[in-house]
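Just start.pdb here, PDB, C-alpha atoms and all ligand atoms:
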```pdb
ATOM      1  CA  MET A  12       0.000   0.000   0.000
ATOM      2  CA  SER A  13       1.261   3.459  -0.842
ATOM      3  CA  ASP A  14       0.823   4.946   2.649
ATOM      4  CA  GLU A  15       3.080   2.372   4.306
ATOM      5  CA  VAL A  16       6.005   4.250   5.840
ATOM      6  CA  LEU A  17       7.741   1.277   7.450
ATOM      7  CA  VAL A  18       7.677  -2.442   6.816
ATOM      8  CA  ALA A  19       9.547  -4.885   9.058
ATOM      9  CA  ARG A  20       9.812  -8.518   8.033
ATOM     10  CA  GLY A  21      11.202 -11.656   9.662
ATOM     11  CA  LEU A  22      13.033  -9.891  12.490
ATOM     12  CA  ARG A  23      15.020 -12.197  14.729
ATOM     13  CA  LYS A  24      17.362 -11.552  17.628
ATOM     14  CA  ALA A  25      18.932 -14.015  20.036
ATOM     15  CA  TYR A  26      21.137 -13.292  23.039
ATOM     16  CA  GLY A  27      23.191 -16.431  23.443
ATOM     17  CA  ASP A  28      20.697 -19.292  23.746
ATOM     18  CA  ARG A  29      17.787 -16.970  24.515
ATOM     19  CA  VAL A  30      15.755 -16.043  21.475
ATOM     20  CA  ALA A  31      14.328 -12.588  22.300
ATOM     21  CA  VAL A  32      12.494 -12.029  19.007
ATOM     22  CA  GLN A  33      11.668 -14.329  16.108
ATOM     23  CA  GLU A  34       9.785 -13.905  12.858
ATOM     24  CA  VAL A  35       8.435 -10.521  13.921
ATOM     25  CA  GLY A  36       6.929  -8.456  11.144
ATOM     26  CA  LEU A  37       4.907  -5.264  11.212
ATOM     27  CA  VAL A  38       3.578  -2.586   8.939
ATOM     28  CA  LEU A  39       3.280   1.084   9.886
ATOM     29  CA  ARG A  40       1.224   3.605   7.948
ATOM     30  CA  ALA A  41       1.267   7.400   7.922
ATOM     31  CA  GLY A  42      -1.127   9.021  10.400
ATOM     32  CA  GLU A  43      -1.602   5.963  12.596
ATOM     33  CA  VAL A  44      -0.578   4.685  15.989
ATOM     34  CA  LEU A  45       0.514   1.061  15.980
ATOM     35  CA  GLY A  46       0.366  -0.374  19.488
ATOM     36  CA  LEU A  47       3.017  -2.973  20.273
ATOM     37  CA  LEU A  48       1.464  -4.781  23.209
ATOM     38  CA  GLY A  49       2.907  -7.593  25.267
ATOM     39  CA  PRO A  50       3.929  -8.625  28.781
ATOM     40  CA  ASN A  51       7.327  -7.942  30.358
ATOM     41  CA  GLY A  52      10.103  -9.632  28.434
ATOM     42  CA  ALA A  53       7.932 -10.308  25.364
ATOM     43  CA  GLY A  54      10.499  -8.732  23.031
ATOM     44  CA  LYS A  55       8.997  -5.265  22.485
ATOM     45  CA  SER A  56      12.132  -3.239  23.282
ATOM     46  CA  THR A  57      14.283  -5.588  21.231
ATOM     47  CA  THR A  58      11.930  -5.092  18.279
ATOM     48  CA  VAL A  59      12.001  -1.304  18.690
ATOM     49  CA  GLY A  60      15.805  -1.463  18.968
ATOM     50  CA  MET A  61      16.042  -3.328  15.661
ATOM     51  CA  ILE A  62      13.684  -0.872  13.958
ATOM     52  CA  CYS A  63      15.626   2.203  15.038
ATOM     53  CA  GLY A  64      19.010   0.677  14.265
ATOM     54  CA  LEU A  65      20.358   0.403  17.820
ATOM     55  CA  THR A  66      20.144  -3.407  17.817
ATOM     56  CA  VAL A  67      21.493  -5.406  14.893
ATOM     57  CA  PRO A  68      19.038  -8.173  13.919
ATOM     58  CA  ASP A  69      20.263 -11.723  13.320
ATOM     59  CA  ALA A  70      17.778 -11.891  10.463
ATOM     60  CA  GLY A  71      15.072  -9.810   8.854
ATOM     61  CA  THR A  72      14.735  -6.398   7.265
ATOM     62  CA  VAL A  73      13.214  -3.022   7.990
ATOM     63  CA  THR A  74      12.439  -0.791   5.026
ATOM     64  CA  LEU A  75      11.063   2.752   4.977
ATOM     65  CA  SER A  76       8.987   4.167   2.139
ATOM     66  CA  GLY A  77      11.053   4.816  -0.941
ATOM     67  CA  GLY A  78      12.982   1.611  -0.298
ATOM     68  CA  VAL A  79      15.287   3.245   2.278
ATOM     69  CA  GLY A  80      16.997   0.744   4.570
ATOM     70  CA  LEU A  81      19.757   0.905   7.151
ATOM     71  CA  ALA A  82      22.154  -0.952   4.884
ATOM     72  CA  SER A  83      21.585   1.297   1.881
ATOM     73  CA  ASP A  84      21.364   4.703   3.614
ATOM     74  CA  ALA A  85      21.916   4.633   7.394
ATOM     75  CA  VAL A  86      21.948   8.428   7.837
ATOM     76  CA  GLY A  87      18.858   9.005   5.716
ATOM     77  CA  TYR A  88      17.104   6.156   7.526
ATOM     78  CA  LYS A  89      17.861   7.419  11.039
ATOM     79  CA  ARG A  90      16.833  10.992  10.196
ATOM     80  CA  ARG A  91      13.318   9.775   9.464
ATOM     81  CA  ILE A  92      12.926   8.095  12.868
ATOM     82  CA  GLY A  93      12.670   9.541  16.379
ATOM     83  CA  LEU A  94      13.113   7.318  19.435
ATOM     84  CA  VAL A  95      11.732   7.826  22.926
ATOM     85  CA  PRO A  96      13.645   5.126  24.799
ATOM     86  CA  GLN A  97      12.308   3.155  27.741
ATOM     87  CA  ASP A  98      15.024   4.541  30.019
ATOM     88  CA  ILE A  99      15.083   8.337  30.078
ATOM     89  CA  ALA A 100      18.161   9.573  28.220
ATOM     90  CA  LEU A 101      18.950  13.183  29.188
ATOM     91  CA  TYR A 102      21.878  15.231  30.379
ATOM     92  CA  GLU A 103      20.612  16.064  33.857
ATOM     93  CA  GLU A 104      22.920  19.062  34.350
ATOM     94  CA  LEU A 105      22.278  20.727  30.984
ATOM     95  CA  PRO A 106      19.285  23.074  30.659
ATOM     96  CA  ALA A 107      16.243  21.542  28.979
ATOM     97  CA  ARG A 108      16.674  23.603  25.807
ATOM     98  CA  MET A 109      20.337  22.560  25.489
ATOM     99  CA  ASN A 110      19.308  18.923  25.779
ATOM    100  CA  VAL A 111      16.914  19.364  22.868
ATOM    101  CA  GLU A 112      19.475  21.298  20.819
ATOM    102  CA  LEU A 113      22.096  18.640  21.455
ATOM    103  CA  PHE A 114      19.851  15.944  19.995
ATOM    104  CA  GLY A 115      19.132  18.179  16.977
ATOM    105  CA  ALA A 116      22.845  18.853  16.463
ATOM    106  CA  LEU A 117      23.448  15.084  16.360
ATOM    107  CA  TYR A 118      21.131  15.008  13.354
ATOM    108  CA  GLY A 119      23.145  17.791  11.694
ATOM    109  CA  MET A 120      20.416  20.441  11.867
ATOM    110  CA  ALA A 121      21.414  23.987  10.867
ATOM    111  CA  PRO A 122      21.660  26.345  13.900
ATOM    112  CA  ALA A 123      18.793  28.703  12.948
ATOM    113  CA  LEU A 124      16.402  25.821  12.206
ATOM    114  CA  LEU A 125      17.507  24.038  15.364
ATOM    115  CA  ARG A 126      16.754  27.082  17.557
ATOM    116  CA  ARG A 127      13.307  27.450  16.034
ATOM    117  CA  ARG A 128      12.468  23.734  16.286
ATOM    118  CA  ALA A 129      13.773  23.519  19.877
ATOM    119  CA  GLY A 130      11.351  26.300  20.839
ATOM    120  CA  GLU A 131       8.489  24.584  18.991
ATOM    121  CA  VAL A 132       8.934  21.138  20.530
ATOM    122  CA  LEU A 133       9.460  22.501  24.055
ATOM    123  CA  ASP A 134       6.242  24.450  23.615
ATOM    124  CA  MET A 135       4.483  21.348  22.308
ATOM    125  CA  VAL A 136       5.355  19.247  25.366
ATOM    126  CA  GLY A 137       4.442  22.102  27.722
ATOM    127  CA  LEU A 138       7.976  22.883  28.885
ATOM    128  CA  ALA A 139       8.579  26.248  27.173
ATOM    129  CA  ASP A 140       8.589  28.042  30.528
ATOM    130  CA  ARG A 141      11.127  25.560  31.960
ATOM    131  CA  ALA A 142      13.511  25.687  28.979
ATOM    132  CA  ARG A 143      16.343  27.164  31.049
ATOM    133  CA  ASP A 144      15.956  24.693  33.930
ATOM    134  CA  LYS A 145      17.929  21.482  34.287
ATOM    135  CA  PRO A 146      16.210  18.077  34.073
ATOM    136  CA  ALA A 147      17.761  17.312  37.473
ATOM    137  CA  THR A 148      15.059  19.615  38.880
ATOM    138  CA  PHE A 149      12.197  18.003  36.869
ATOM    139  CA  SER A 150       9.565  15.459  37.900
ATOM    140  CA  GLY A 151       9.521  12.042  36.201
ATOM    141  CA  GLY A 152       6.675  13.152  33.927
ATOM    142  CA  MET A 153       8.503  16.331  32.904
ATOM    143  CA  LYS A 154      11.636  14.326  32.062
ATOM    144  CA  ARG A 155       9.544  12.024  29.880
ATOM    145  CA  ARG A 156       8.052  15.000  28.081
ATOM    146  CA  LEU A 157      11.524  16.484  27.554
ATOM    147  CA  ASN A 158      12.704  13.149  26.143
ATOM    148  CA  ILE A 159       9.806  13.256  23.685
ATOM    149  CA  ALA A 160      10.831  16.801  22.666
ATOM    150  CA  CYS A 161      14.388  15.535  22.046
ATOM    151  CA  ALA A 162      13.037  12.740  19.815
ATOM    152  CA  LEU A 163      10.923  15.186  17.808
ATOM    153  CA  VAL A 164      13.339  18.063  17.255
ATOM    154  CA  HIS A 165      14.523  16.797  13.852
ATOM    155  CA  ASP A 166      10.885  16.429  12.757
ATOM    156  CA  PRO A 167      10.932  12.674  12.045
ATOM    157  CA  GLU A 168       8.027  11.106  10.155
ATOM    158  CA  ILE A 169       8.156   8.024  12.410
ATOM    159  CA  LEU A 170       8.193   8.134  16.192
ATOM    160  CA  LEU A 171       9.012   5.044  18.252
ATOM    161  CA  LEU A 172       7.899   5.272  21.873
ATOM    162  CA  ASP A 173       9.072   2.524  24.224
ATOM    163  CA  GLU A 174       6.814   2.516  27.311
ATOM    164  CA  PRO A 175       6.824   6.330  27.489
ATOM    165  CA  THR A 176       4.487   6.552  30.470
ATOM    166  CA  ALA A 177       6.534   4.443  32.887
ATOM    167  CA  GLY A 178       6.790   6.363  36.170
ATOM    168  CA  VAL A 179       4.605   9.208  34.897
ATOM    169  CA  ASP A 180       1.864  10.951  36.917
ATOM    170  CA  PRO A 181      -1.679  10.956  35.437
ATOM    171  CA  GLN A 182      -1.481  14.638  34.443
ATOM    172  CA  SER A 183       1.733  14.183  32.445
ATOM    173  CA  ARG A 184       0.327  10.960  30.990
ATOM    174  CA  ASN A 185      -2.659  12.839  29.611
ATOM    175  CA  ALA A 186      -0.369  15.603  28.300
ATOM    176  CA  ILE A 187       1.745  12.961  26.537
ATOM    177  CA  PHE A 188      -1.368  11.347  25.022
ATOM    178  CA  ASP A 189      -2.610  14.744  23.772
ATOM    179  CA  ASN A 190       0.762  15.306  22.090
ATOM    180  CA  LEU A 191       0.662  11.910  20.436
ATOM    181  CA  VAL A 192      -2.845  12.469  19.093
ATOM    182  CA  ARG A 193      -1.712  15.811  17.639
ATOM    183  CA  LEU A 194       1.322  14.176  15.999
ATOM    184  CA  LYS A 195      -0.879  11.502  14.502
ATOM    185  CA  ARG A 196      -3.257  14.130  13.114
ATOM    186  CA  ALA A 197      -0.251  15.866  11.577
ATOM    187  CA  GLY A 198       0.377  12.667   9.597
ATOM    188  CA  LYS A 199       3.198  11.173  11.675
ATOM    189  CA  ALA A 200       3.382   7.418  12.137
ATOM    190  CA  LEU A 201       3.816   6.178  15.701
ATOM    191  CA  VAL A 202       4.806   2.868  17.245
ATOM    192  CA  TYR A 203       3.645   2.806  20.849
ATOM    193  CA  THR A 204       5.078   0.060  23.013
ATOM    194  CA  THR A 205       3.290  -0.780  26.232
ATOM    195  CA  HIS A 206       2.181  -3.550  28.550
ATOM    196  CA  TYR A 207      -0.801  -1.427  29.640
ATOM    197  CA  MET A 208      -3.739  -2.630  27.583
ATOM    198  CA  GLU A 209      -5.763   0.483  28.556
ATOM    199  CA  GLU A 210      -3.133   2.649  26.843
ATOM    200  CA  ALA A 211      -3.177   0.532  23.704
ATOM    201  CA  GLU A 212      -6.993   0.608  23.684
ATOM    202  CA  ARG A 213      -7.041   4.383  24.072
ATOM    203  CA  LEU A 214      -4.386   5.270  21.511
ATOM    204  CA  ALA A 215      -3.796   2.570  18.963
ATOM    205  CA  ASP A 216      -5.450   2.323  15.543
ATOM    206  CA  ARG A 217      -3.951  -1.096  15.060
ATOM    207  CA  ILE A 218      -2.320  -3.424  17.558
ATOM    208  CA  THR A 219       0.381  -6.044  17.250
ATOM    209  CA  ILE A 220       0.356  -8.413  20.223
ATOM    210  CA  ILE A 221       3.703  -9.994  20.956
ATOM    211  CA  ASP A 222       4.439 -12.817  23.362
ATOM    212  CA  HIS A 223       7.618 -14.848  23.915
ATOM    213  CA  GLY A 224       9.244 -12.962  21.028
ATOM    214  CA  ARG A 225       6.551 -13.800  18.474
ATOM    215  CA  VAL A 226       3.590 -11.945  17.023
ATOM    216  CA  VAL A 227       0.508 -13.771  18.287
ATOM    217  CA  ALA A 228      -2.088 -11.462  16.732
ATOM    218  CA  GLU A 229      -2.402  -8.206  14.899
ATOM    219  CA  GLY A 230      -5.174  -6.010  13.569
ATOM    220  CA  THR A 231      -7.551  -3.248  14.513
ATOM    221  CA  GLN A 232      -9.176  -3.482  17.918
ATOM    222  CA  ALA A 233     -12.422  -4.588  16.257
ATOM    223  CA  GLN A 234     -10.555  -7.379  14.453
ATOM    224  CA  LEU A 235      -8.894  -8.510  17.679
ATOM    225  CA  PHE A 236     -12.152  -8.450  19.640
ATOM    226  CA  ALA A 237     -13.759 -10.495  16.859
ATOM    227  CA  ARG A 238     -11.469 -13.367  17.906
ATOM    228  CA  LEU A 239     -13.351 -13.614  21.183
ATOM    229  CA  PRO A 240     -16.411 -15.842  21.508
ATOM    230  CA  ALA A 241     -18.392 -12.813  22.741
ATOM    231  CA  ALA A 242     -17.824  -9.072  22.566
ATOM    232  CA  GLN A 243     -19.683  -8.304  25.785
ATOM    233  CA  THR A 244     -20.847  -9.917  28.991
ATOM    234  CA  LEU A 245     -24.202  -9.245  30.600
ATOM    235  CA  HIS A 246     -24.127  -9.620  34.393
ATOM    236  CA  VAL A 247     -27.603 -10.405  35.735
ATOM    237  CA  GLU A 248     -28.231 -10.341  39.506
ATOM    238  CA  ILE A 249     -31.026 -12.776  40.321
ATOM    239  CA  ASP A 250     -33.132 -13.917  43.261
ATOM    240  CA  GLY A 251     -31.952 -17.241  44.622
ATOM    241  CA  GLU A 252     -29.754 -19.790  42.897
ATOM    242  CA  PRO A 253     -31.716 -21.546  40.124
ATOM    243  CA  ASP A 254     -30.647 -25.089  39.339
ATOM    244  CA  ASP A 255     -28.899 -25.814  36.070
ATOM    245  CA  ALA A 256     -31.977 -27.505  34.549
ATOM    246  CA  LEU A 257     -33.784 -24.170  34.656
ATOM    247  CA  LEU A 258     -30.938 -22.530  32.716
ATOM    248  CA  SER A 259     -30.601 -25.243  30.082
ATOM    249  CA  GLY A 260     -31.208 -24.037  26.547
ATOM    250  CA  LEU A 261     -29.921 -20.538  27.319
ATOM    251  CA  PRO A 262     -26.686 -20.167  25.335
ATOM    252  CA  GLY A 263     -23.558 -18.602  26.858
ATOM    253  CA  VAL A 264     -24.898 -18.535  30.425
ATOM    254  CA  GLN A 265     -22.655 -19.148  33.400
ATOM    255  CA  ARG A 266     -24.013 -19.038  36.958
ATOM    256  CA  VAL A 267     -21.798 -17.437  39.612
ATOM    257  CA  GLY A 268     -23.716 -17.656  42.914
ATOM    258  CA  GLN A 269     -26.713 -15.334  42.605
ATOM    259  CA  ARG A 270     -25.431 -13.878  39.356
ATOM    260  CA  LEU A 271     -25.630 -15.029  35.766
ATOM    261  CA  ASP A 272     -22.811 -14.052  33.415
ATOM    262  CA  ILE A 273     -24.131 -14.184  29.866
ATOM    263  CA  SER A 274     -21.864 -13.824  26.819
ATOM    264  CA  VAL A 275     -23.507 -11.736  24.133
ATOM    265  CA  GLY A 276     -22.402 -10.585  20.687
ATOM    266  CA  ASP A 277     -24.527  -7.433  20.553
ATOM    267  CA  ILE A 278     -26.030  -6.224  23.780
ATOM    268  CA  GLY A 279     -28.596  -4.028  22.019
ATOM    269  CA  SER A 280     -30.320  -6.894  20.222
ATOM    270  CA  ASP A 281     -29.508  -9.788  22.590
ATOM    271  CA  ALA A 282     -30.417  -8.367  26.038
ATOM    272  CA  GLY A 283     -34.194  -8.088  25.475
ATOM    273  CA  PRO A 284     -34.815 -11.683  24.343
ATOM    274  CA  LEU A 285     -32.503 -12.990  27.102
ATOM    275  CA  LEU A 286     -34.390 -11.144  29.848
ATOM    276  CA  ALA A 287     -37.693 -12.335  28.389
ATOM    277  CA  ALA A 288     -36.389 -15.924  28.430
ATOM    278  CA  LEU A 289     -35.388 -15.565  32.108
ATOM    279  CA  ALA A 290     -38.831 -14.159  32.957
ATOM    280  CA  ARG A 291     -40.523 -17.114  31.194
ATOM    281  CA  ARG A 292     -38.490 -19.469  33.408
ATOM    282  CA  GLY A 293     -39.627 -17.591  36.514
ATOM    283  CA  ILE A 294     -36.180 -16.175  37.291
ATOM    284  CA  ALA A 295     -36.533 -12.757  38.947
ATOM    285  CA  VAL A 296     -33.939 -10.186  37.875
ATOM    286  CA  ARG A 297     -32.727  -7.796  40.612
ATOM    287  CA  GLY A 298     -29.941  -5.967  38.817
ATOM    288  CA  LEU A 299     -28.199  -5.648  35.459
ATOM    289  CA  ALA A 300     -24.710  -4.612  34.366
ATOM    290  CA  SER A 301     -22.669  -5.097  31.237
ATOM    291  CA  ALA A 302     -18.942  -5.293  30.572
ATOM    292  CA  ARG A 303     -17.181  -4.803  27.258
ATOM    293  CA  ALA A 304     -14.409  -7.214  26.271
ATOM    294  CA  THR A 305     -10.888  -5.809  26.691
ATOM    295  CA  LEU A 306      -7.528  -6.519  25.097
ATOM    296  CA  GLU A 307      -6.751  -8.393  28.317
ATOM    297  CA  ASP A 308      -9.507 -10.853  27.323
ATOM    298  CA  VAL A 309      -7.978 -11.122  23.837
ATOM    299  CA  PHE A 310      -4.529 -11.855  25.280
ATOM    300  CA  LEU A 311      -6.002 -14.440  27.656
ATOM    301  CA  GLN A 312      -7.882 -16.092  24.796
ATOM    302  CA  LEU A 313      -4.720 -16.234  22.640
ATOM    303  CA  THR A 314      -2.174 -17.319  25.231
ATOM    304  CA  GLY A 315      -4.121 -18.721  28.165
ATOM    305  CA  ARG A 316      -2.307 -16.236  30.415
ATOM    306  CA  ALA A 317      -2.996 -12.750  31.794
ATOM    307  CA  LEU A 318      -1.131  -9.835  30.229
ATOM    308  CA  ARG A 319       0.137  -8.699  33.593
ATOM    309  CA  ASP A 320       1.469 -11.131  36.152
TER     310      ASP A 320
HETATM  311  N1  LIG A 401      21.025  -7.044  25.937
HETATM  312  C1  LIG A 401      20.432  -8.200  26.279
HETATM  313  N2  LIG A 401      21.165  -9.265  26.668
HETATM  314  C2  LIG A 401      20.571 -10.435  27.004
HETATM  315  N3  LIG A 401      19.235 -10.639  26.988
HETATM  316  C3  LIG A 401      18.461  -9.614  26.607
HETATM  317  C4  LIG A 401      19.004  -8.344  26.245
HETATM  318  N4  LIG A 401      17.980  -7.513  25.918
HETATM  319  C5  LIG A 401      16.845  -8.233  26.066
HETATM  320  N5  LIG A 401      17.139  -9.486  26.482
HETATM  321  C6  LIG A 401      16.152 -10.566  26.732
HETATM  322  O1  LIG A 401      15.283 -10.633  25.623
HETATM  323  C7  LIG A 401      13.928 -10.848  26.034
HETATM  324  C8  LIG A 401      13.054  -9.723  25.514
HETATM  325  O2  LIG A 401      13.393  -8.509  26.192
HETATM  326  P1  LIG A 401      12.753  -7.109  25.792
HETATM  327  O3  LIG A 401      13.419  -6.061  26.641
HETATM  328  O4  LIG A 401      12.793  -6.932  24.342
HETATM  329  O5  LIG A 401      11.243  -7.294  26.253
HETATM  330  P2  LIG A 401      10.101  -6.230  26.480
HETATM  331  O6  LIG A 401       8.869  -6.797  25.865
HETATM  332  O7  LIG A 401      10.529  -4.898  26.002
HETATM  333  O8  LIG A 401       9.941  -6.236  28.045
HETATM  334  P3  LIG A 401       9.686  -5.018  29.081
HETATM  335  O9  LIG A 401       8.248  -4.641  28.919
HETATM  336  O10 LIG A 401       9.954  -5.658  30.402
HETATM  337  O11 LIG A 401      10.636  -3.942  28.722
HETATM  338  C9  LIG A 401      13.978 -10.953  27.553
HETATM  339  O12 LIG A 401      14.039 -12.316  27.880
HETATM  340  C10 LIG A 401      15.260 -10.263  27.928
HETATM  341  O13 LIG A 401      15.801 -10.787  29.103
END
```
Rewrite the coordinates I just gave you, this time as C-alpha cells.
Ligand SMILES: Nc1ncnc2c1ncn2[C@@H]1O[C@H](COP(=O)(O)OP(=O)(O)OP(=O)(O)O)[C@@H](O)[C@H]1O
Amino acid sequence: MSDEVLVARGLRKAYGDRVAVQEVGLVLRAGEVLGLLGPNGAGKSTTVGMICGLTVPDAGTVTLSGGVGLASDAVGYKRRIGLVPQDIALYEELPARMNVELFGALYGMAPALLRRRAGEVLDMVGLADRARDKPATFSGGMKRRLNIACALVHDPEILLLDEPTAGVDPQSRNAIFDNLVRLKRAGKALVYTTHYMEEAERLADRITIIDHGRVVAEGTQAQLFARLPAAQTLHVEIDGEPDDALLSGLPGVQRVGQRLDISVGDIGSDAGPLLAALARRGIAVRGLASARATLEDVFLQLTGRALRD
C-alpha cells in the first residue's frame, strides 16, 4: 500500500541461547498509531531497537517508504525516525533547551532551524517556561516530556515510543497522550510500546500483540475483539440460585452464585430476548450490568495467560 512508511519482516534476535524475538513483522502507515502490546520480556524493546538501528538483527529487514533501509542509507534512515527510549536519556545538568538542541545537532540540523524547532517542541510538550531549567530539577513526567521533545526536534516522520508513560503521573500521561494524538493528526506514524492494555486501547489504531518474542495477533481493535467468543458480557443479579436444569437451553450462560454471566455478541439486540427468556423461566432479575471485552480478554484467549502477572 502506498501509505506504508515502514515495513519490518522476519526480524530475529537471540542473546546467546535466549531467542528474544523471532519472525516478527509489522507494517506502519502514515497518520496511525501502531500499538506494540505484550507482557514484560515479550520482546517489544528488542523489536524497537532493531527498527531504530540500535540493535542489529540476526535476520530480517526493515524498510522505509522509498525503499530506504539501514544498509543502503543509514543516515537518511535514522533521520526519518525519532526514538523515545524506555530509560530516560537526558543530560541532567544541561538546561532543557540545550538537551533538545544537542539531539538536533546530532542530526546535523542547521543552527537557525535548530533554535526554532527547539522552541516549537518545548512548547508542544508544555515545557517552554522551563527551557532554562535542568532536568535534574524536573519530575519524572517532565523528564519524559523532555525526552519526547528531544526525539521530535529533527521532525521525524516516524516516532518510536518505548513505554513512554513508565513512572509518569496521570497529568503528564494525559499531556503525553494529547501530544501523540496531535502528531498523529499531523500525519506522523507512531509505534507505541506498552504492557498497559488500557493505553493501547485508548491510543492505537492497530495493535500487534507480541508474546515470547513472536507476534501472536495483529489487527484493529475490532478485528482482535472479533477473535473472542463474545464481545460483551451481561451480568444479571437474580433472586436465589436456580438449578442448572432451569438454565438449560440458554446459550452462553454461566451461573456465579446469585449472578448469571451471559456472553452476548450485541447487547442491544440480545439483552431483550434474554431477559424475556429468564422471565418465562420464573427467574426474577434484581440488577443488570454489562462489561465490554478488553484486550486483556484477547490476550487471555490467545495465550491462556494474563497480560500482567
Ligand atoms: N542485551 C540483552 N542481553 C541479554 N538478553 C536480553 C538483552 N535484551 C533483552 N534481552 C532478553 O530478551 C527478552 C526480551 O526482552 P525485551 O526487553 O525486548 O522485552 P520487552 O517486551 O521490552 O519487556 P519489558 O516490557 O519488560 O521492557 C527478555 O528475555 C530479555 O531478558
Per residue of range 224-247 of chain A within 12 Å of range 57-69 of chain A, record the nearest atom pair and its distance in Å to one decimal, counting only C-alpha atoms, with rows in chain order and ascending residue number, as CSV.
```
residue,atom,partner,partner_atom,distance
A:Gly224,CA,A:Thr58,CA,8.8
A:Arg225,CA,A:Thr58,CA,10.2
A:Val226,CA,A:Thr58,CA,10.9
```
*asked:* How would you report the residues lying within 12 Å of ligand LIG 401 (chain A), as a PyMOL selection string, if you count only C-alpha atoms and all ligand atoms?
replied: chain A and resi 23-33+35+47-61+65-67+96-98+172-177+203-207+220-226+318-320
Can you pull out the residues contacting Met153 in chain A? Cut-off 10 Å, using only C-alpha atoms, and skip same-chain residues under 3 positions away; I want them as a PDB file with C-alpha atoms, in the frame of the given file.
```pdb
ATOM      1  CA  VAL A 136       5.355  19.247  25.366  1.00  0.00           C
ATOM      2  CA  GLY A 137       4.442  22.102  27.722  1.00  0.00           C
ATOM      3  CA  LEU A 138       7.976  22.883  28.885  1.00  0.00           C
ATOM      4  CA  ARG A 141      11.127  25.560  31.960  1.00  0.00           C
ATOM      5  CA  PRO A 146      16.210  18.077  34.073  1.00  0.00           C
ATOM      6  CA  THR A 148      15.059  19.615  38.880  1.00  0.00           C
ATOM      7  CA  PHE A 149      12.197  18.003  36.869  1.00  0.00           C
ATOM      8  CA  SER A 150       9.565  15.459  37.900  1.00  0.00           C
ATOM      9  CA  ARG A 156       8.052  15.000  28.081  1.00  0.00           C
ATOM     10  CA  LEU A 157      11.524  16.484  27.554  1.00  0.00           C
ATOM     11  CA  ASN A 158      12.704  13.149  26.143  1.00  0.00           C
ATOM     12  CA  ILE A 159       9.806  13.256  23.685  1.00  0.00           C
ATOM     13  CA  VAL A 179       4.605   9.208  34.897  1.00  0.00           C
ATOM     14  CA  ASP A 180       1.864  10.951  36.917  1.00  0.00           C
ATOM     15  CA  SER A 183       1.733  14.183  32.445  1.00  0.00           C
ATOM     16  CA  ARG A 184       0.327  10.960  30.990  1.00  0.00           C
ATOM     17  CA  ILE A 187       1.745  12.961  26.537  1.00  0.00           C
TER      18      ILE A 187
END
```
*So which one's closest to Asn110 in chain A, A:Leu37, A:Ala295, A:Leu133, A:Val95? Using all atoms listed in the file, please.*
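The answer is A:Leu133, which sits nearest to Asn110 in chain A.
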_What's the separation between CA of Glu248 in chain A and CA of Ser274 in chain A, in Å to one decimal place?_
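CA of Ser274 in chain A lies at a distance of 14.6 Å from CA of Glu248 in chain A.
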*Of the candidates A:Val202, A:Leu113, A:Leu101, A:Val132, which shows the shortest atom-to-atom distance to Leu17 in chain A, using only C-alpha atoms?*
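Residue with the minimum atom-to-atom distance to Leu17 in chain A: A:Val202.
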